[in-house]
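Heads up: the structure comes next, in structure tokens.
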Amino acid sequence: MLNEILFALVFFLSYVVQAISGFAGNIFAMPPGIHLLGLHNAIAAMNVLCIIAAGLVVVSNIRHVNWRELAKMVLGMLPFLALGIWLDSVLSLDIILKVYAIAVLFVGFRNLLVKKRRDYPVWLLAVFIACAGLIQGMFVSGGAFLVIYAVQKLYEKQEFRATLSMVWVILNIVYAVVSFANGYYTGEVLRVIAMCIPLAFLATFIGQKIQGKISQERFLRFIYVLLVVIGIIMLVS
């Protein structure tokens, strides 16, 4: 029971960040979640909770969703999401996770240190979307790569948050179906989800209030700092 309470606390803090930025909740919550609940229990619980929390952001910001970019991201990620789910069952993923962490660190530091914006070419953006789908399938944490694409395509912070949140709702519904078919929604997982649902509402409310006070420039810097922190967490976890 103590582990479940600690997980609920981690979830709440992570999803305040998620409500501010539109991503990163699962990336922050997953390492301690795996330790506290186990890999499959943590993934199954975070799946449903992400659908709820991201859905709350979407409902209150639906007019800001960029439907064209949403379609590009979802359709680009889905095949690699399926591949990532399959790889999760056949490979040891420690090395892949470290490579992912290094790539995220590079992008975060690059954007913090380089003052003049330089856009990535179309082919590289496609690679980032593919990597986001792959990591989402393996770790339910593909946000860092998707953010690289989204920062270049979604210029306004409300559009950024709403569109990315809609991506997570769609992809996590797909993943939840797979988890259900694999029997991951045990009594323990359902108990954790029930415990965290009120916290999802509270975290979303607090995060929405905070982001409303952040300028566009500070919002982007916050995103890049998050990428650096995420990369470090993934390297040491």
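Scheme for the structure tokens: letters A, B, ... for chains in order shown; per-chain residue numbers from 1; ligand numbers from 1 in order shown.
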Show which residues sit within 10 Å of Ile102 (chain A), as a ChimeraX atom specification. Count only C-alpha atoms, and ignore same-chain residues fewer than 3 positions away.
/A:97-99,105-108,228,231-232,234-235
Just write the chosen residues, all heavy atoms, as an mmCIF file, in the first residue's frame.
data_model
loop_
_atom_site.group_PDB
_atom_site.id
_atom_site.type_symbol
_atom_site.label_atom_id
_atom_site.label_comp_id
_atom_site.auth_asym_id
_atom_site.auth_seq_id
_atom_site.Cartn_x
_atom_site.Cartn_y
_atom_site.Cartn_z
ATOM 1 N N LEU A 97 17.491 2.641 -24.358
ATOM 2 C CA LEU A 97 17.043 3.710 -23.472
ATOM 3 C C LEU A 97 18.153 4.726 -23.236
ATOM 4 O O LEU A 97 17.912 5.930 -23.183
ATOM 5 C CB LEU A 97 16.576 3.111 -22.141
ATOM 6 C CG LEU A 97 15.857 4.059 -21.174
ATOM 7 C CD1 LEU A 97 14.624 4.664 -21.830
ATOM 8 C CD2 LEU A 97 15.478 3.343 -19.900
ATOM 9 N N LYS A 98 19.403 4.258 -23.110
ATOM 10 C CA LYS A 98 20.527 5.173 -22.901
ATOM 11 C C LYS A 98 20.790 6.019 -24.142
ATOM 12 O O LYS A 98 21.093 7.217 -24.040
ATOM 13 C CB LYS A 98 21.785 4.384 -22.516
ATOM 14 C CG LYS A 98 21.656 3.564 -21.244
ATOM 15 C CD LYS A 98 21.210 4.392 -20.049
ATOM 16 C CE LYS A 98 21.092 3.524 -18.791
ATOM 17 N NZ LYS A 98 20.503 4.258 -17.642
ATOM 18 N N VAL A 99 20.699 5.407 -25.320
ATOM 19 C CA VAL A 99 20.873 6.158 -26.567
ATOM 20 C C VAL A 99 19.790 7.238 -26.674
ATOM 21 O O VAL A 99 20.055 8.386 -27.060
ATOM 22 C CB VAL A 99 20.837 5.221 -27.786
ATOM 23 C CG1 VAL A 99 20.824 6.022 -29.086
ATOM 24 C CG2 VAL A 99 22.031 4.274 -27.762
ATOM 25 N N LEU A 105 19.185 14.703 -24.431
ATOM 26 C CA LEU A 105 20.100 15.675 -23.826
ATOM 27 C C LEU A 105 20.693 16.598 -24.885
ATOM 28 O O LEU A 105 20.780 17.820 -24.689
ATOM 29 C CB LEU A 105 21.234 14.942 -23.097
ATOM 30 C CG LEU A 105 20.980 14.534 -21.647
ATOM 31 C CD1 LEU A 105 22.140 13.682 -21.139
ATOM 32 C CD2 LEU A 105 20.818 15.767 -20.766
ATOM 33 N N PHE A 106 21.101 16.029 -26.005
ATOM 34 C CA PHE A 106 21.704 16.820 -27.075
ATOM 35 C C PHE A 106 20.736 17.884 -27.575
ATOM 36 O O PHE A 106 21.094 19.063 -27.717
ATOM 37 C CB PHE A 106 22.122 15.908 -28.241
ATOM 38 C CG PHE A 106 22.532 16.665 -29.472
ATOM 39 C CD1 PHE A 106 23.782 17.264 -29.554
ATOM 40 C CD2 PHE A 106 21.659 16.794 -30.547
ATOM 41 C CE1 PHE A 106 24.149 17.981 -30.682
ATOM 42 C CE2 PHE A 106 22.016 17.504 -31.676
ATOM 43 C CZ PHE A 106 23.275 18.097 -31.755
ATOM 44 N N VAL A 107 19.511 17.490 -27.828
ATOM 45 C CA VAL A 107 18.521 18.437 -28.360
ATOM 46 C C VAL A 107 18.213 19.517 -27.331
ATOM 47 O O VAL A 107 18.127 20.715 -27.655
ATOM 48 C CB VAL A 107 17.241 17.696 -28.779
ATOM 49 C CG1 VAL A 107 16.140 18.685 -29.139
ATOM 50 C CG2 VAL A 107 17.521 16.778 -29.958
ATOM 51 N N GLY A 108 18.049 19.120 -26.062
ATOM 52 C CA GLY A 108 17.751 20.099 -25.028
ATOM 53 C C GLY A 108 18.859 21.116 -24.863
ATOM 54 O O GLY A 108 18.630 22.334 -24.854
ATOM 55 N N VAL A 228 16.403 18.421 -21.021
ATOM 56 C CA VAL A 228 17.688 18.148 -20.371
ATOM 57 C C VAL A 228 17.481 17.326 -19.094
ATOM 58 O O VAL A 228 18.176 16.328 -18.855
ATOM 59 C CB VAL A 228 18.418 19.471 -20.042
ATOM 60 C CG1 VAL A 228 19.657 19.197 -19.177
ATOM 61 C CG2 VAL A 228 18.820 20.181 -21.327
ATOM 62 N N GLY A 231 16.543 13.770 -19.995
ATOM 63 C CA GLY A 231 17.706 13.019 -20.452
ATOM 64 C C GLY A 231 18.577 12.547 -19.296
ATOM 65 O O GLY A 231 19.043 11.400 -19.271
ATOM 66 N N ILE A 232 18.803 13.422 -18.330
ATOM 67 C CA ILE A 232 19.629 13.070 -17.164
ATOM 68 C C ILE A 232 18.960 11.962 -16.349
ATOM 69 O O ILE A 232 19.612 10.996 -15.934
ATOM 70 C CB ILE A 232 19.885 14.312 -16.296
ATOM 71 C CG1 ILE A 232 20.769 15.321 -17.055
ATOM 72 C CG2 ILE A 232 20.530 13.922 -14.969
ATOM 73 C CD1 ILE A 232 20.896 16.655 -16.363
ATOM 74 N N MET A 234 16.868 9.711 -17.360
ATOM 75 C CA MET A 234 16.907 8.454 -18.079
ATOM 76 C C MET A 234 18.307 7.844 -18.089
ATOM 77 O O MET A 234 18.463 6.627 -18.079
ATOM 78 C CB MET A 234 16.398 8.656 -19.502
ATOM 79 C CG MET A 234 14.921 9.041 -19.561
ATOM 80 S SD MET A 234 14.345 9.417 -21.211
ATOM 81 C CE MET A 234 14.294 7.772 -21.901
ATOM 82 N N LEU A 235 19.337 8.682 -18.083
ATOM 83 C CA LEU A 235 20.709 8.156 -18.053
ATOM 84 C C LEU A 235 21.036 7.499 -16.726
ATOM 85 O O LEU A 235 21.738 6.485 -16.677
ATOM 86 C CB LEU A 235 21.707 9.283 -18.327
ATOM 87 C CG LEU A 235 22.035 9.612 -19.780
ATOM 88 C CD1 LEU A 235 22.992 10.790 -19.852
ATOM 89 C CD2 LEU A 235 22.617 8.395 -20.498
#
What lies within 6 Å of region 42-51 of chain A using only C-alpha atoms, ignoring chain neighbours under 2 positions off, as a ChimeraX atom specification?
/A:33-34,37-40,53-55,169,172,189,193
Filtered DSSP result for region 74-145 of chain A, state alpha helix (DSSP H), as a VMD selection string:
chain A and resid 74 to 90 94 to 113 122 to 139 143 to 145
May I have a table of the residues of region 92-167 of chain A lying at most 10 Å from region 14-21 of chain A, giving each one's closest pair of atoms and their distance in Å to one decimal, counting only C-alpha atoms, ordered by chain and ascending residue number, as a tab-separated table?
residue	atom	partner	partner_atom	distance
A:Val147	CA	A:Ser21	CA	9.9
A:Lys157	CA	A:Ser21	CA	8.3
A:Gln158	CA	A:Ser21	CA	9.3
A:Phe160	CA	A:Ser21	CA	8.2
A:Arg161	CA	A:Ser21	CA	6.0
A:Ala162	CA	A:Ser21	CA	9.5
A:Leu164	CA	A:Ser21	CA	9.1
A:Ser165	CA	A:Ala19	CA	8.8
Mind writing the picked residues with C-alpha atoms as a compact mmCIF listing (two decimals), in the first residue's frame?
# COMPACT_ATOMS: atom_id res chain seq x y z
CA VAL A 147 8.50 17.68 -28.81
CA LYS A 157 1.92 27.45 -26.47
CA GLN A 158 -1.81 26.70 -26.24
CA PHE A 160 1.38 23.10 -28.58
CA ARG A 161 -0.19 21.82 -25.35
CA ALA A 162 -3.60 21.02 -26.80
CA LEU A 164 0.27 17.12 -27.98
CA SER A 165 -2.31 16.25 -25.35
Can you measure CA of Ile173 (chain A) to CA of Phe80 (chain A) for me? One decimal in Å is fine.
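Separation of CA of Ile173 (chain A) and CA of Phe80 (chain A): 15.5 Å.
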What is the distance between CA of Val140 (chain A) and CA of Lys213 (chain A), in Å to one decimal?
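Computing it gives 29.2 Å between the two atoms.
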